[in-house]
>>> print(open('upload-v4.cif').read())   # mmCIF, C-alpha atoms
data_input
#
loop_
_atom_site.label_atom_id
_atom_site.label_comp_id
_atom_site.auth_asym_id
_atom_site.auth_seq_id
_atom_site.Cartn_x
_atom_site.Cartn_y
_atom_site.Cartn_z
CA MET A 199 25.64 -54.46 48.09
CA ALA A 200 27.51 -55.10 51.31
CA SER A 201 25.91 -57.44 53.84
CA THR A 202 26.36 -54.89 56.63
CA MET A 203 24.32 -51.73 56.44
CA VAL A 204 24.68 -48.48 58.36
CA GLN A 205 21.90 -46.10 59.14
CA VAL A 206 22.19 -42.53 57.83
CA PRO A 207 19.62 -40.10 59.21
CA ILE A 208 18.51 -37.57 56.61
CA LEU A 209 16.62 -34.39 57.42
CA MET A 210 14.20 -33.07 54.81
CA SER A 211 11.11 -30.94 54.66
CA PRO A 212 7.69 -32.59 54.68
CA SER A 213 7.13 -31.51 51.07
CA GLN A 214 10.45 -33.07 50.00
CA LYS A 215 9.48 -36.29 51.77
CA ARG A 216 6.09 -36.34 49.99
CA ARG A 217 7.73 -35.82 46.58
CA LEU A 218 10.37 -38.48 47.18
CA THR A 219 7.78 -40.91 48.53
CA GLN A 220 5.74 -40.43 45.35
CA LYS A 221 8.82 -40.95 43.16
CA ALA A 222 9.78 -44.10 45.07
CA LYS A 223 6.27 -45.49 44.78
CA ALA A 224 6.12 -44.71 41.04
CA ALA A 225 9.47 -46.48 40.56
CA ASN A 226 8.39 -49.42 42.73
CA LEU A 227 11.25 -48.72 45.14
CA THR A 228 11.51 -48.09 48.83
CA MET A 229 12.52 -44.60 49.90
CA ALA A 230 15.93 -45.98 50.95
CA GLN A 231 16.46 -47.59 47.54
CA LEU A 232 15.49 -44.39 45.75
CA LEU A 233 17.89 -42.31 47.85
CA ARG A 234 20.77 -44.80 47.50
CA GLU A 235 20.34 -45.07 43.73
CA GLY A 236 19.95 -41.31 43.33
CA GLY A 237 23.05 -40.70 45.41
CA GLU A 238 25.09 -43.19 43.39
CA ARG A 239 24.00 -41.61 40.10
CA TYR A 240 24.64 -38.03 41.20
CA VAL A 241 27.40 -36.30 39.24
CA PRO A 242 28.38 -32.80 40.35
CA ALA A 243 27.87 -30.16 37.68
CA ASP A 244 31.11 -28.39 38.55
CA ASP A 245 33.33 -30.82 36.61
CA PRO A 246 36.43 -28.71 35.78
CA THR A 247 36.79 -30.17 32.28
CA LEU A 248 33.15 -29.44 31.52
CA LEU A 249 33.48 -25.88 32.82
CA ASP A 250 36.68 -25.41 30.80
CA HIS A 251 34.95 -26.63 27.65
CA MET A 252 31.98 -24.32 28.27
CA ALA A 253 34.30 -21.34 28.90
CA LYS A 254 36.16 -21.99 25.63
CA GLN A 255 32.85 -22.23 23.78
CA VAL A 256 31.72 -18.90 25.27
CA ILE A 257 35.02 -17.27 24.22
CA ARG A 258 34.69 -18.60 20.64
CA GLU A 259 31.10 -17.42 20.33
CA THR A 260 31.95 -14.03 21.85
CA LYS A 261 34.78 -13.49 19.34
CA LYS A 262 32.43 -14.48 16.52
CA THR A 263 29.82 -12.02 17.78
CA ILE A 264 32.39 -9.22 18.07
CA ARG A 265 33.48 -9.82 14.46
CA ALA A 266 29.84 -9.64 13.32
CA ILE A 267 29.30 -6.40 15.26
CA ASP A 268 32.49 -4.88 13.81
CA LYS A 269 31.36 -5.82 10.29
CA THR A 270 27.94 -4.28 10.89
CA LEU A 271 29.46 -1.07 12.28
CA ALA A 272 31.72 -0.80 9.21
CA LEU A 273 28.69 -1.17 6.93
CA VAL A 274 26.83 1.49 8.90
CA ALA A 275 29.82 3.85 8.65
CA GLU A 276 30.00 3.29 4.87
CA SER A 277 26.27 3.96 4.56
CA GLU A 278 26.53 7.15 6.60
CA ALA A 279 29.42 8.36 4.44
CA ARG A 280 27.37 7.73 1.28
CA MET A 281 24.39 9.58 2.77
CA GLN A 282 26.59 12.56 3.68
CA ALA A 283 28.07 12.64 0.18
CA LEU A 284 24.57 12.57 -1.36
CA SER A 285 23.44 15.30 1.00
CA LYS A 286 26.37 17.55 -0.02
CA THR A 287 25.75 16.87 -3.70
CA ARG A 288 22.08 17.86 -3.39
CA LYS A 289 22.92 21.08 -1.53
CA LYS A 290 25.32 22.17 -4.29
CA GLY A 291 22.94 21.34 -7.10
#
>>> encode(input="upload-v4.cif", output="structure tokens")
Amino acid sequence: MASTMVQVPILMSPSQKRRLTQKAKAANLTMAQLLREGGERYVPADDPTLLDHMAKQVIRETKKTIRAIDKTLALVAESEARMQALSKTRKKG
């Protein structure tokens, strides 16, 4: 860490401060250490490559689901046609 430090005022709610103080104490860190380490480790969730991968996965799964629905609808149509044919046969007989 650099030998010169700068002060960064941070506003937070009293409940946030209590939670962070408890976390720092549990980790045997000062509040400043906890906040510095947490800030360094933070990785934004809006990584474009991650979002692109997730979007492609959603598209693949959606296409798979559509195929399954189409197959089910075809089976239902076949079943309905068989039931209509049986119904006509029974009426004639």
>>> atom_distance(input="upload-v4.cif", atom1="CA of Arg234 (chain A)", atom2="CA of Arg216 (chain A)")
17.1 Å
>>> atom_distance(input="upload-v4.cif", atom1="CA of Gln214 (chain A)", atom2="CA of Met229 (chain A)")
11.7 Å
>>> closest_residue(input="upload-v4.cif", among="A:Met203, A:Ala243, A:Val274, A:Ile264", to="Ala230 (chain A)", atoms="all atoms listed in the file")
A:Met203
>>> closest_residue(input="upload-v4.cif", among="A:Leu233, A:Leu248, A:Leu218, A:Ala224", to="Val206 (chain A)", atoms="all atoms listed in the file")
A:Leu233
>>> residues_near_point(input="upload-v4.cif", point="(17.4, -42.4, 49.0)", cutoff="12 Å", atoms="all atoms listed in the file", output="list of chain:residue names")
A:Gln205, A:Val206, A:Pro207, A:Ile208, A:Leu209, A:Met210, A:Gln214, A:Lys215, A:Arg217, A:Leu218, A:Thr219, A:Lys221, A:Ala222, A:Leu227, A:Thr228, A:Met229, A:Ala230, A:Gln231, A:Leu232, A:Leu233, A:Arg234, A:Glu235, A:Gly236, A:Gly237, A:Glu238, A:Arg239, A:Tyr240
>>> axis_aligned_box(input="upload-v4.cif", around="region 231-238 of chain A", padding_each_side="6 Å", output="lines of an AutoDock Vina configuration file")
center_x = 20.3
center_y = -44.1
center_z = 45.6
size_x = 21.6
size_y = 18.9
size_z = 16.5
